[in-house]
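Engineer: My structure file final-v4.cif, mmCIF, C-alpha atoms and all ligand atoms, is below:
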```cif
data_input
#
loop_
_atom_site.label_atom_id
_atom_site.label_comp_id
_atom_site.auth_asym_id
_atom_site.auth_seq_id
_atom_site.Cartn_x
_atom_site.Cartn_y
_atom_site.Cartn_z
CA MET A 143 -106.70 -126.24 -84.31
CA ALA A 144 -108.78 -127.80 -81.54
CA ALA A 145 -107.19 -127.74 -78.11
CA MET A 146 -105.77 -130.63 -76.13
CA ILE A 147 -108.32 -131.35 -73.40
CA ILE A 148 -106.59 -131.56 -70.03
CA LYS A 149 -108.48 -134.38 -68.36
CA GLY A 150 -108.33 -133.95 -64.61
CA SER A 151 -110.49 -137.04 -64.27
CA GLU A 152 -107.72 -139.15 -65.86
CA ILE A 153 -104.78 -137.44 -64.16
CA SER A 154 -106.46 -137.70 -60.75
CA LYS A 155 -106.86 -141.47 -61.29
CA GLN A 156 -103.15 -141.75 -62.01
CA ILE A 157 -102.32 -139.88 -58.76
CA LYS A 158 -104.75 -142.12 -56.84
CA GLU A 159 -102.89 -145.18 -58.09
CA GLU A 160 -99.59 -143.67 -56.93
CA LEU A 161 -101.12 -142.88 -53.54
CA LYS A 162 -102.49 -146.42 -53.16
CA LEU A 163 -98.99 -147.80 -53.55
CA GLU A 164 -97.58 -145.26 -51.10
CA ILE A 165 -100.29 -146.02 -48.51
CA THR A 166 -99.74 -149.78 -48.83
CA GLU A 167 -96.03 -149.27 -48.28
CA LEU A 168 -96.62 -146.99 -45.27
CA LYS A 169 -98.73 -149.73 -43.67
CA LYS A 170 -96.32 -152.54 -44.50
CA LYS A 171 -93.03 -150.84 -43.68
CA TYR A 172 -93.97 -148.48 -40.86
CA ASN A 173 -97.40 -149.64 -39.61
CA VAL A 174 -98.71 -146.15 -40.37
CA ILE A 175 -102.30 -145.64 -41.55
CA PRO A 176 -103.04 -142.07 -42.67
CA GLY A 177 -106.19 -140.68 -41.02
CA LEU A 178 -108.49 -137.83 -42.05
CA ALA A 179 -111.28 -136.30 -39.95
CA THR A 180 -113.96 -134.21 -41.63
CA ILE A 181 -116.37 -132.01 -39.73
CA LEU A 182 -119.62 -130.97 -41.34
CA ILE A 183 -121.96 -128.51 -39.67
CA GLY A 184 -125.55 -128.18 -40.81
CA GLU A 185 -127.48 -129.50 -43.78
CA ASP A 186 -126.00 -127.69 -46.79
CA GLU A 187 -126.55 -130.11 -49.68
CA ALA A 188 -123.41 -129.17 -51.66
CA SER A 189 -121.26 -129.50 -48.52
CA LYS A 190 -122.76 -132.94 -47.84
CA VAL A 191 -121.83 -134.02 -51.37
CA TYR A 192 -118.24 -132.75 -50.94
CA VAL A 193 -117.79 -134.45 -47.56
CA GLY A 194 -119.30 -137.68 -48.93
CA ALA A 195 -116.88 -137.62 -51.86
CA LYS A 196 -113.93 -137.14 -49.48
CA GLU A 197 -115.06 -140.10 -47.35
CA LYS A 198 -115.42 -142.25 -50.46
CA ALA A 199 -111.92 -141.32 -51.66
CA CYS A 200 -110.47 -142.23 -48.24
CA LYS A 201 -112.15 -145.63 -48.37
CA GLU A 202 -110.96 -146.27 -51.91
CA LEU A 203 -107.34 -145.48 -51.00
CA GLY A 204 -107.16 -147.15 -47.59
CA ILE A 205 -107.07 -143.92 -45.56
CA TYR A 206 -108.76 -144.09 -42.14
CA SER A 207 -111.59 -141.55 -42.06
CA GLU A 208 -113.69 -140.11 -39.31
CA ARG A 209 -116.76 -138.04 -40.10
CA ILE A 210 -118.29 -135.73 -37.55
CA ASP A 211 -121.74 -134.37 -38.44
CA LEU A 212 -122.86 -131.55 -36.19
CA PRO A 213 -126.22 -129.76 -36.06
CA VAL A 214 -126.48 -126.26 -37.49
CA ASN A 215 -126.92 -124.74 -34.02
CA THR A 216 -123.53 -126.08 -32.81
CA THR A 217 -121.72 -123.30 -30.94
CA GLU A 218 -118.24 -122.12 -31.85
CA ALA A 219 -116.98 -123.41 -28.48
CA GLU A 220 -118.40 -126.88 -29.20
CA LEU A 221 -116.76 -126.94 -32.62
CA LEU A 222 -113.42 -125.80 -31.16
CA ALA A 223 -113.63 -128.60 -28.59
CA HIS A 224 -113.96 -131.18 -31.40
CA ILE A 225 -110.94 -129.68 -33.15
CA GLU A 226 -108.94 -129.71 -29.91
CA ARG A 227 -109.70 -133.42 -29.45
CA LEU A 228 -108.72 -134.21 -33.05
CA ASN A 229 -105.50 -132.17 -32.70
CA LYS A 230 -104.48 -134.62 -29.95
CA ASP A 231 -105.73 -137.81 -31.65
CA SER A 232 -102.73 -139.77 -32.99
CA LYS A 233 -104.94 -141.70 -35.49
CA ILE A 234 -105.79 -138.41 -37.21
CA HIS A 235 -103.26 -136.67 -39.45
CA GLY A 236 -105.60 -134.34 -41.30
CA ILE A 237 -108.50 -132.23 -40.02
CA LEU A 238 -110.89 -130.68 -42.47
CA VAL A 239 -113.75 -128.41 -41.45
CA GLN A 240 -116.11 -128.12 -44.39
CA LEU A 241 -116.72 -124.49 -45.36
CA PRO A 242 -118.83 -122.39 -45.44
CA LEU A 243 -119.71 -122.37 -41.75
CA PRO A 244 -122.99 -121.11 -40.31
CA LYS A 245 -122.88 -117.32 -39.77
CA HIS A 246 -122.67 -117.49 -35.97
CA ILE A 247 -119.27 -119.23 -36.16
CA ASN A 248 -116.12 -117.22 -36.86
CA GLU A 249 -114.27 -118.98 -39.69
CA ALA A 250 -110.87 -117.46 -38.82
CA ASN A 251 -111.08 -118.71 -35.21
CA VAL A 252 -111.85 -122.21 -36.46
CA ILE A 253 -108.99 -122.27 -38.96
CA ASP A 254 -106.61 -120.89 -36.32
CA ALA A 255 -107.59 -123.69 -33.93
CA ILE A 256 -106.50 -126.49 -36.27
CA ASP A 257 -102.96 -127.72 -35.59
CA PRO A 258 -101.02 -126.40 -38.65
CA LYS A 259 -99.37 -129.84 -38.91
CA LYS A 260 -102.84 -131.36 -39.44
CA ASP A 261 -104.20 -128.53 -41.61
CA VAL A 262 -104.50 -130.53 -44.84
CA ASP A 263 -106.58 -127.76 -46.45
CA ALA A 264 -103.55 -125.46 -45.91
CA PHE A 265 -105.75 -122.53 -44.90
CA HIS A 266 -104.05 -121.90 -41.51
CA PRO A 267 -102.04 -118.64 -41.49
CA VAL A 268 -98.87 -120.64 -40.73
CA ASN A 269 -99.36 -122.71 -43.88
CA VAL A 270 -100.29 -119.64 -45.96
CA GLY A 271 -97.07 -117.99 -44.77
CA LYS A 272 -94.98 -121.07 -45.50
CA LEU A 273 -96.45 -121.24 -49.02
CA ILE A 274 -95.45 -117.63 -49.69
CA LEU A 275 -91.98 -118.24 -48.26
CA GLY A 276 -91.62 -121.24 -50.56
CA VAL A 277 -91.26 -123.78 -47.73
CA PRO A 278 -94.72 -125.40 -47.58
CA ASP A 279 -95.64 -128.44 -45.48
CA PHE A 280 -98.93 -128.58 -47.38
CA LEU A 281 -100.23 -126.83 -50.47
CA PRO A 282 -103.93 -125.88 -50.70
CA CYS A 283 -105.77 -128.58 -52.62
CA THR A 284 -107.29 -126.76 -55.60
CA PRO A 285 -104.16 -124.71 -56.48
CA HIS A 286 -102.01 -127.81 -55.93
CA GLY A 287 -104.31 -129.71 -58.29
CA ILE A 288 -103.91 -126.98 -60.90
CA GLN A 289 -100.12 -127.09 -60.62
CA GLU A 290 -100.13 -130.89 -61.00
CA LEU A 291 -102.38 -130.62 -64.07
CA LEU A 292 -99.88 -128.22 -65.66
CA ILE A 293 -96.84 -130.36 -64.80
CA ARG A 294 -98.37 -133.67 -65.83
CA SER A 295 -99.73 -132.21 -69.08
CA GLY A 296 -96.27 -130.97 -70.03
CA ILE A 297 -97.24 -127.28 -69.88
CA GLU A 298 -94.15 -125.13 -69.38
CA THR A 299 -94.59 -122.56 -66.60
CA ASN A 300 -90.93 -121.53 -66.44
CA GLY A 301 -90.86 -117.99 -67.87
CA ALA A 302 -94.54 -118.13 -68.90
CA GLU A 303 -96.91 -115.17 -68.66
CA VAL A 304 -99.65 -116.38 -66.33
CA VAL A 305 -102.82 -114.41 -65.72
CA VAL A 306 -105.03 -115.42 -62.81
CA VAL A 307 -108.60 -114.10 -62.75
CA GLY A 308 -109.81 -114.10 -59.13
CA ARG A 309 -108.05 -113.31 -55.85
CA SER A 310 -109.79 -115.56 -53.34
CA ASN A 311 -107.81 -117.02 -50.45
CA ILE A 312 -108.57 -120.56 -51.61
CA VAL A 313 -107.71 -120.30 -55.32
CA GLY A 314 -106.50 -117.01 -56.82
CA LYS A 315 -104.01 -115.82 -54.21
CA PRO A 316 -102.41 -119.22 -53.49
CA ILE A 317 -102.05 -120.33 -57.13
CA ALA A 318 -100.46 -116.97 -58.01
CA ASN A 319 -98.01 -117.33 -55.12
CA MET A 320 -97.18 -120.92 -56.04
CA LEU A 321 -96.46 -120.07 -59.67
CA ILE A 322 -94.05 -117.21 -58.83
CA GLN A 323 -91.81 -119.45 -56.72
CA LYS A 324 -88.24 -119.76 -57.96
CA ASN A 325 -88.65 -123.36 -59.00
CA LYS A 326 -88.51 -124.23 -62.67
CA LYS A 327 -90.83 -127.24 -62.29
CA GLY A 328 -94.41 -125.98 -62.22
CA ALA A 329 -93.44 -122.42 -61.26
CA ASN A 330 -91.02 -119.56 -62.13
CA ALA A 331 -93.75 -117.76 -64.07
CA THR A 332 -94.55 -114.06 -64.33
CA VAL A 333 -97.98 -113.73 -62.77
CA THR A 334 -100.68 -111.07 -63.02
CA ILE A 335 -103.73 -111.28 -60.73
CA CYS A 336 -107.00 -109.74 -61.96
CA HIS A 337 -110.21 -109.06 -60.01
CA THR A 338 -113.29 -106.85 -60.21
CA GLY A 339 -111.13 -103.77 -59.67
CA THR A 340 -109.04 -104.57 -62.78
CA LYS A 341 -109.41 -102.01 -65.57
CA ASP A 342 -109.76 -103.60 -69.01
CA LEU A 343 -109.61 -107.29 -68.03
CA ALA A 344 -109.16 -108.39 -71.67
CA SER A 345 -105.93 -106.40 -72.05
CA HIS A 346 -104.44 -108.69 -69.39
CA THR A 347 -106.05 -111.99 -70.37
CA LYS A 348 -104.93 -111.52 -74.00
CA ARG A 349 -101.30 -111.51 -72.86
CA ALA A 350 -101.59 -114.84 -71.05
CA ASP A 351 -99.67 -117.93 -72.11
CA ILE A 352 -101.52 -119.64 -69.27
CA LEU A 353 -104.87 -118.26 -68.12
CA ILE A 354 -106.29 -119.50 -64.81
CA VAL A 355 -109.87 -118.45 -64.20
CA ALA A 356 -111.49 -118.66 -60.75
CA ALA A 357 -114.16 -115.97 -60.91
CA GLY A 358 -117.32 -117.97 -60.25
CA ARG A 359 -119.06 -116.35 -63.28
CA PRO A 360 -120.16 -118.33 -66.35
CA LYS A 361 -118.57 -116.95 -69.56
CA ALA A 362 -116.46 -114.45 -67.62
CA ILE A 363 -113.88 -115.16 -70.33
CA THR A 364 -114.85 -115.29 -73.99
CA ALA A 365 -112.80 -116.21 -77.08
CA ASP A 366 -112.06 -112.56 -77.97
CA MET A 367 -110.29 -112.20 -74.60
CA VAL A 368 -107.58 -114.83 -75.23
CA LYS A 369 -104.69 -115.19 -77.65
CA ASP A 370 -104.16 -118.12 -80.01
CA GLY A 371 -102.29 -120.98 -78.35
CA VAL A 372 -103.26 -120.07 -74.78
CA VAL A 373 -103.51 -122.75 -72.09
CA VAL A 374 -106.73 -122.30 -70.10
CA ILE A 375 -107.36 -123.69 -66.63
CA ASP A 376 -111.02 -123.21 -65.78
CA VAL A 377 -111.58 -123.50 -62.03
CA GLY A 378 -115.17 -122.26 -62.04
CA VAL A 379 -118.07 -124.47 -61.06
CA ASN A 380 -121.41 -122.86 -61.88
CA ARG A 381 -124.64 -124.79 -61.57
CA LEU A 382 -127.00 -123.70 -64.36
CA GLU A 383 -130.33 -125.25 -65.33
CA THR A 384 -128.50 -126.79 -68.28
CA GLY A 385 -125.90 -128.41 -65.98
CA LEU A 386 -122.44 -127.61 -64.64
CA VAL A 387 -120.36 -125.03 -66.48
CA GLY A 388 -117.05 -123.34 -65.79
CA ASP A 389 -116.07 -119.68 -66.00
CA VAL A 390 -114.89 -119.67 -69.61
CA ASP A 391 -116.74 -120.06 -72.87
CA PHE A 392 -115.36 -123.55 -73.47
CA GLU A 393 -116.83 -124.23 -76.93
CA THR A 394 -115.36 -121.16 -78.64
CA ILE A 395 -112.12 -120.92 -76.64
CA LYS A 396 -111.19 -124.55 -77.33
CA GLU A 397 -110.86 -123.60 -81.02
CA LYS A 398 -108.16 -121.02 -80.17
CA ALA A 399 -106.43 -122.63 -77.20
CA LYS A 400 -103.48 -125.02 -77.17
CA ALA A 401 -104.94 -126.79 -74.14
CA ILE A 402 -107.97 -126.36 -71.90
CA THR A 403 -109.58 -128.02 -68.88
CA PRO A 404 -113.23 -129.08 -69.21
CA VAL A 405 -115.93 -128.54 -66.57
CA PRO A 406 -116.77 -131.01 -65.18
CA GLY A 407 -113.77 -133.36 -65.33
CA GLY A 408 -110.95 -130.79 -65.17
CA VAL A 409 -109.81 -129.14 -61.95
CA GLY A 410 -112.65 -130.58 -59.82
CA PRO A 411 -111.42 -134.20 -59.53
CA MET A 412 -107.91 -132.96 -58.71
CA THR A 413 -108.98 -131.12 -55.56
CA ILE A 414 -110.04 -134.24 -53.64
CA VAL A 415 -107.04 -136.27 -54.70
CA MET A 416 -104.67 -133.51 -53.52
CA LEU A 417 -106.45 -133.58 -50.15
CA MET A 418 -105.68 -137.30 -49.96
CA LYS A 419 -102.07 -136.54 -50.93
CA ASN A 420 -101.81 -133.98 -48.12
CA THR A 421 -103.21 -136.48 -45.62
CA VAL A 422 -100.58 -139.04 -46.64
CA GLN A 423 -97.91 -136.34 -46.47
CA SER A 424 -99.07 -135.41 -42.96
CA ALA A 425 -99.01 -139.04 -41.80
CA LYS A 426 -95.43 -139.29 -43.05
CA MET A 427 -94.46 -136.03 -41.33
CA HIS A 428 -95.98 -137.21 -38.04
CA ALA A 429 -94.11 -140.51 -38.31
CA GLY A 430 -90.84 -138.77 -39.20
CA ILE A 431 -90.71 -140.39 -42.65
CA SER A 432 -89.41 -138.15 -45.41
P1 LIG A 501 -114.72 -116.18 -54.88
O1 LIG A 501 -114.23 -116.22 -53.49
O2 LIG A 501 -116.12 -115.81 -55.16
O3 LIG A 501 -113.75 -115.22 -55.71
C1 LIG A 501 -114.01 -114.88 -57.02
C2 LIG A 501 -112.94 -113.92 -57.47
O4 LIG A 501 -113.14 -113.61 -58.83
C3 LIG A 501 -112.93 -112.61 -56.71
O5 LIG A 501 -111.59 -112.24 -56.42
C4 LIG A 501 -113.57 -111.63 -57.69
O6 LIG A 501 -113.07 -110.32 -57.56
C5 LIG A 501 -113.17 -112.21 -59.01
N1 LIG A 501 -114.11 -111.92 -60.08
C6 LIG A 501 -115.42 -112.25 -60.14
N2 LIG A 501 -115.96 -111.83 -61.30
C7 LIG A 501 -114.97 -111.23 -61.98
C8 LIG A 501 -114.90 -110.59 -63.22
N3 LIG A 501 -115.98 -110.48 -64.03
N4 LIG A 501 -113.73 -110.07 -63.61
C9 LIG A 501 -112.64 -110.15 -62.84
N5 LIG A 501 -112.63 -110.76 -61.63
C10 LIG A 501 -113.79 -111.28 -61.22
O7 LIG A 501 -114.52 -117.56 -55.61
P2 LIG A 501 -113.51 -118.82 -55.38
O8 LIG A 501 -113.82 -119.44 -54.09
O9 LIG A 501 -112.13 -118.45 -55.72
O10 LIG A 501 -114.08 -119.75 -56.53
C11 LIG A 501 -114.09 -119.35 -57.87
C12 LIG A 501 -114.80 -120.40 -58.70
O11 LIG A 501 -114.05 -121.61 -58.61
C13 LIG A 501 -116.21 -120.74 -58.21
O12 LIG A 501 -117.01 -121.05 -59.33
C14 LIG A 501 -116.01 -121.97 -57.35
O13 LIG A 501 -117.16 -122.78 -57.29
C15 LIG A 501 -114.91 -122.65 -58.11
N6 LIG A 501 -114.07 -123.54 -57.29
C16 LIG A 501 -113.85 -124.77 -57.77
C17 LIG A 501 -113.06 -125.65 -57.06
C18 LIG A 501 -112.81 -127.01 -57.60
O14 LIG A 501 -112.34 -127.88 -56.91
N7 LIG A 501 -113.08 -127.23 -58.88
C19 LIG A 501 -112.49 -125.28 -55.84
C20 LIG A 501 -112.70 -123.97 -55.39
C21 LIG A 501 -113.50 -123.10 -56.14
P3 LIG A 501 -113.23 -109.42 -56.22
O15 LIG A 501 -112.22 -109.98 -55.25
O16 LIG A 501 -112.90 -108.07 -56.67
O17 LIG A 501 -114.64 -109.62 -55.78
#
```
Transcribe the structure of this file into structure tokens.

Structural biologist:
Amino acid sequence: MAAMIIKGSEISKQIKEELKLEITELKKKYNVIPGLATILIGEDEASKVYVGAKEKACKELGIYSERIDLPVNTTEAELLAHIERLNKDSKIHGILVQLPLPKHINEANVIDAIDPKKDVDAFHPVNVGKLILGVPDFLPCTPHGIQELLIRSGIETNGAEVVVVGRSNIVGKPIANMLIQKNKKGANATVTICHTGTKDLASHTKRADILIVAAGRPKAITADMVKDGVVVIDVGVNRLETGLVGDVDFETIKEKAKAITPVPGGVGPMTIVMLMKNTVQSAKMHAGIS
């Protein structure tokens, strides 16, 4: 049986509509306008596209946005000074520094400098810790998008065997930690994390009720590595000459799976919308609105 296609493009539109209403109400009732600042250093084309898409989403939803483009030779001290100013700016509730940074800038120092209450990427150690403790102010955007896709598609995580392929700080580790939380909605799963040190990857992936793949390798997962009825969340974005592909062999796995996300149009559109959600959440936190 062909799988249900989990359309992130549709679900993200639905969340945008919800956010529009929330933002309108924030303005009307409390005179609060959520604000997001994005800092882009250098001329990386993919980063420019991501920052542009974030600006566009802000405009569409009525979020105030400030974009700071800095030359590639910007020093770490100069970048930290921009962050310090934004930390104090009451119009700004979210600060996003587009990664990767040029090599001469220490990424950890930059993330540490962002006020955790404005860290809408949720990469600051305080926010990573709060996520693990199960008391997050913000959830990181891509894992949060994955969790929303599961919830809104009616995929049961409670008691499910989840296998995550990839242990990066932005996808693998946070999604695994979110799904083990003792919360029956979108969590309470038994989670295995696989990586390049995993012996016999297929022996793990074949056990998965829900398989989340963030390896950054086209066809890292093939149909013989999954069981019938699996739910597959493909986080991968690989640019091939033939176009964008994910990390799983979509065409063959969709014949075995119960549900699967496409690439593009799956996890990707969710990431930006969850960033907008975090910015709104931050504006509410700053205004003392629960
Ligand atoms: P990353 O930092 O490169 O991490 C990849 C992880 O996968 C590593 O932990 C690596 O193991 C593991 N891995 C790679 N090949 C493997 C294999 N054959 N078997 C088992 N494990 C393997 O990547 P990332 O930042 O998490 O991103 C992963 C993918 O998701 C990329 O394609 C990226 O573009 C995409 N992505 C998409 C979005 C979105 O919004 N759609 C957001 C973020 C990332 P080791 O740790 O042992 O090296």

Engineer: Counting all atoms listed in the file, name the residues that have an atom within 8 Å of an atom of ligand LIG 501 (chain A); the answer should be given as a PyMOL selection string.

Structural biologist: chain A and resi 283-284+307-314+336-340+343+355-359+362+376-380+388-389+408-414

Engineer: Taking only C-alpha atoms into account, name the residue in A:Ala145, A:Leu321, A:Leu228, A:Ile237 that is nearest to A:Ile288.

Structural biologist: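 When distances to A:Ile288 are compared using only C-alpha atoms, the smallest one comes from A:Leu321.
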
Engineer: Which one is closest to A:Glu164: A:Lys348, A:Lys327, A:Gly430, A:Val422? Count all atoms listed in the file.

Structural biologist: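 Smallest distance to A:Glu164 is found for A:Val422.
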
Engineer: A:Ala329, A:Ala219, A:Ala179, A:Glu167: which is nearest A:Leu292, counting only C-alpha atoms?

Structural biologist: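 Checking each of A:Ala329, A:Ala219, A:Ala179, A:Glu167 against A:Leu292, counting only C-alpha atoms, the winner is A:Ala329.
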
Engineer: Restricting the calculation to all atoms listed in the file: of A:Val333, A:Thr394, A:Leu178, A:Leu212, which residue gets closest to A:Lys198?

Structural biologist: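 Using all atoms listed in the file, A:Lys198 sits closest to A:Leu178.
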
Engineer: Determine, counting all atoms listed in the file, which protein, DNA and RNA residues have an atom within 9 Å of an atom of A:Val268; residues of the same chain fewer than 5 positions away are not included. Present the result as an mmCIF file with C-alpha atoms, in the coordinates of the input.

Structural biologist:
```cif
data_model
loop_
_atom_site.group_PDB
_atom_site.id
_atom_site.type_symbol
_atom_site.label_atom_id
_atom_site.label_comp_id
_atom_site.auth_asym_id
_atom_site.auth_seq_id
_atom_site.Cartn_x
_atom_site.Cartn_y
_atom_site.Cartn_z
ATOM 1 C CA ASP A 254 -106.610 -120.890 -36.320
ATOM 2 C CA PRO A 258 -101.020 -126.400 -38.650
ATOM 3 C CA LEU A 273 -96.450 -121.240 -49.020
#
```

Engineer: Report the distance between atom CA of A:Glu397 and atom CA of A:Val372 in Å, rounded to one decimal place.

Structural biologist: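 Atom-to-atom, atom CA of A:Glu397 to atom CA of A:Val372, that is 10.4 Å.
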
Engineer: As a list in words, please: the residues near A:Val252 (cut-off 8 Å, only C-alpha atoms, same-chain neighbours under 6 positions excluded).

Structural biologist: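 Non-adjacent residues within range: Glu218, Leu221 and Leu222 of chain A.
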
Engineer: Grab the residues selected above and save them as a PDB file, in the coordinates of the input with C-alpha atoms.

Structural biologist:
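Output below, filename part-v6.pdb:
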```
ATOM      1  CA  GLU A 218    -118.240-122.120 -31.850  1.00  0.00           C
ATOM      2  CA  LEU A 221    -116.760-126.940 -32.620  1.00  0.00           C
ATOM      3  CA  LEU A 222    -113.420-125.800 -31.160  1.00  0.00           C
TER       4      LEU A 222
END
```

Engineer: Which distance in Å separates atom CA of A:Gly287 and atom CA of A:Gly407, to one decimal?

Structural biologist: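 Separating atom CA of A:Gly287 from atom CA of A:Gly407 is a distance of 12.3 Å.
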
Engineer: For stretch 170-174 of chain A, list every protein, DNA or RNA residue within 12 Å, evaluated using all atoms listed in the file, and leave out those in the same chain fewer than 5 positions away; present the list as a PyMOL selection string.

Structural biologist: chain A and resi 163-165+204-206+232-235+421-431

Engineer: Rank nothing, just name the residue among A:Leu281, A:Val305, A:Leu382, A:Ala199 nearest to A:Thr332, using only C-alpha atoms.

Structural biologist: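 Counting only C-alpha atoms, the residue closest to A:Thr332 is A:Val305.
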
Engineer: Just give me the residues with any atom within 12 Å of (-113.9, -119.1, -78.6), file coordinates, counting only C-alpha atoms, written as a PyMOL selection string.

Structural biologist: chain A and resi 143-145+361+363-372+374+390-399+402

Engineer: Name the residues within 12 Å of (-92.1, -113.1, -62.0), counting all atoms listed in the file in the file's coordinates, and put them as a VMD selection string.

Structural biologist: chain A and resid 299 to 305 318 to 326 329 to 335

Engineer: With C-alpha atoms retained, could you export that selection as a PDB file, in the coordinates of the input?

Structural biologist:
```pdb
ATOM      1  CA  THR A 299     -94.590-122.560 -66.600  1.00  0.00           C
ATOM      2  CA  ASN A 300     -90.930-121.530 -66.440  1.00  0.00           C
ATOM      3  CA  GLY A 301     -90.860-117.990 -67.870  1.00  0.00           C
ATOM      4  CA  ALA A 302     -94.540-118.130 -68.900  1.00  0.00           C
ATOM      5  CA  GLU A 303     -96.910-115.170 -68.660  1.00  0.00           C
ATOM      6  CA  VAL A 304     -99.650-116.380 -66.330  1.00  0.00           C
ATOM      7  CA  VAL A 305    -102.820-114.410 -65.720  1.00  0.00           C
ATOM      8  CA  ALA A 318    -100.460-116.970 -58.010  1.00  0.00           C
ATOM      9  CA  ASN A 319     -98.010-117.330 -55.120  1.00  0.00           C
ATOM     10  CA  MET A 320     -97.180-120.920 -56.040  1.00  0.00           C
ATOM     11  CA  LEU A 321     -96.460-120.070 -59.670  1.00  0.00           C
ATOM     12  CA  ILE A 322     -94.050-117.210 -58.830  1.00  0.00           C
ATOM     13  CA  GLN A 323     -91.810-119.450 -56.720  1.00  0.00           C
ATOM     14  CA  LYS A 324     -88.240-119.760 -57.960  1.00  0.00           C
ATOM     15  CA  ASN A 325     -88.650-123.360 -59.000  1.00  0.00           C
ATOM     16  CA  LYS A 326     -88.510-124.230 -62.670  1.00  0.00           C
ATOM     17  CA  ALA A 329     -93.440-122.420 -61.260  1.00  0.00           C
ATOM     18  CA  ASN A 330     -91.020-119.560 -62.130  1.00  0.00           C
ATOM     19  CA  ALA A 331     -93.750-117.760 -64.070  1.00  0.00           C
ATOM     20  CA  THR A 332     -94.550-114.060 -64.330  1.00  0.00           C
ATOM     21  CA  VAL A 333     -97.980-113.730 -62.770  1.00  0.00           C
ATOM     22  CA  THR A 334    -100.680-111.070 -63.020  1.00  0.00           C
ATOM     23  CA  ILE A 335    -103.730-111.280 -60.730  1.00  0.00           C
TER      24      ILE A 335
END
```

Engineer: Can you measure atom CA of A:Gly296 to atom CA of A:Leu275 for me? One decimal in Å is fine.

Structural biologist: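 Computing it gives 25.6 Å between the two atoms.
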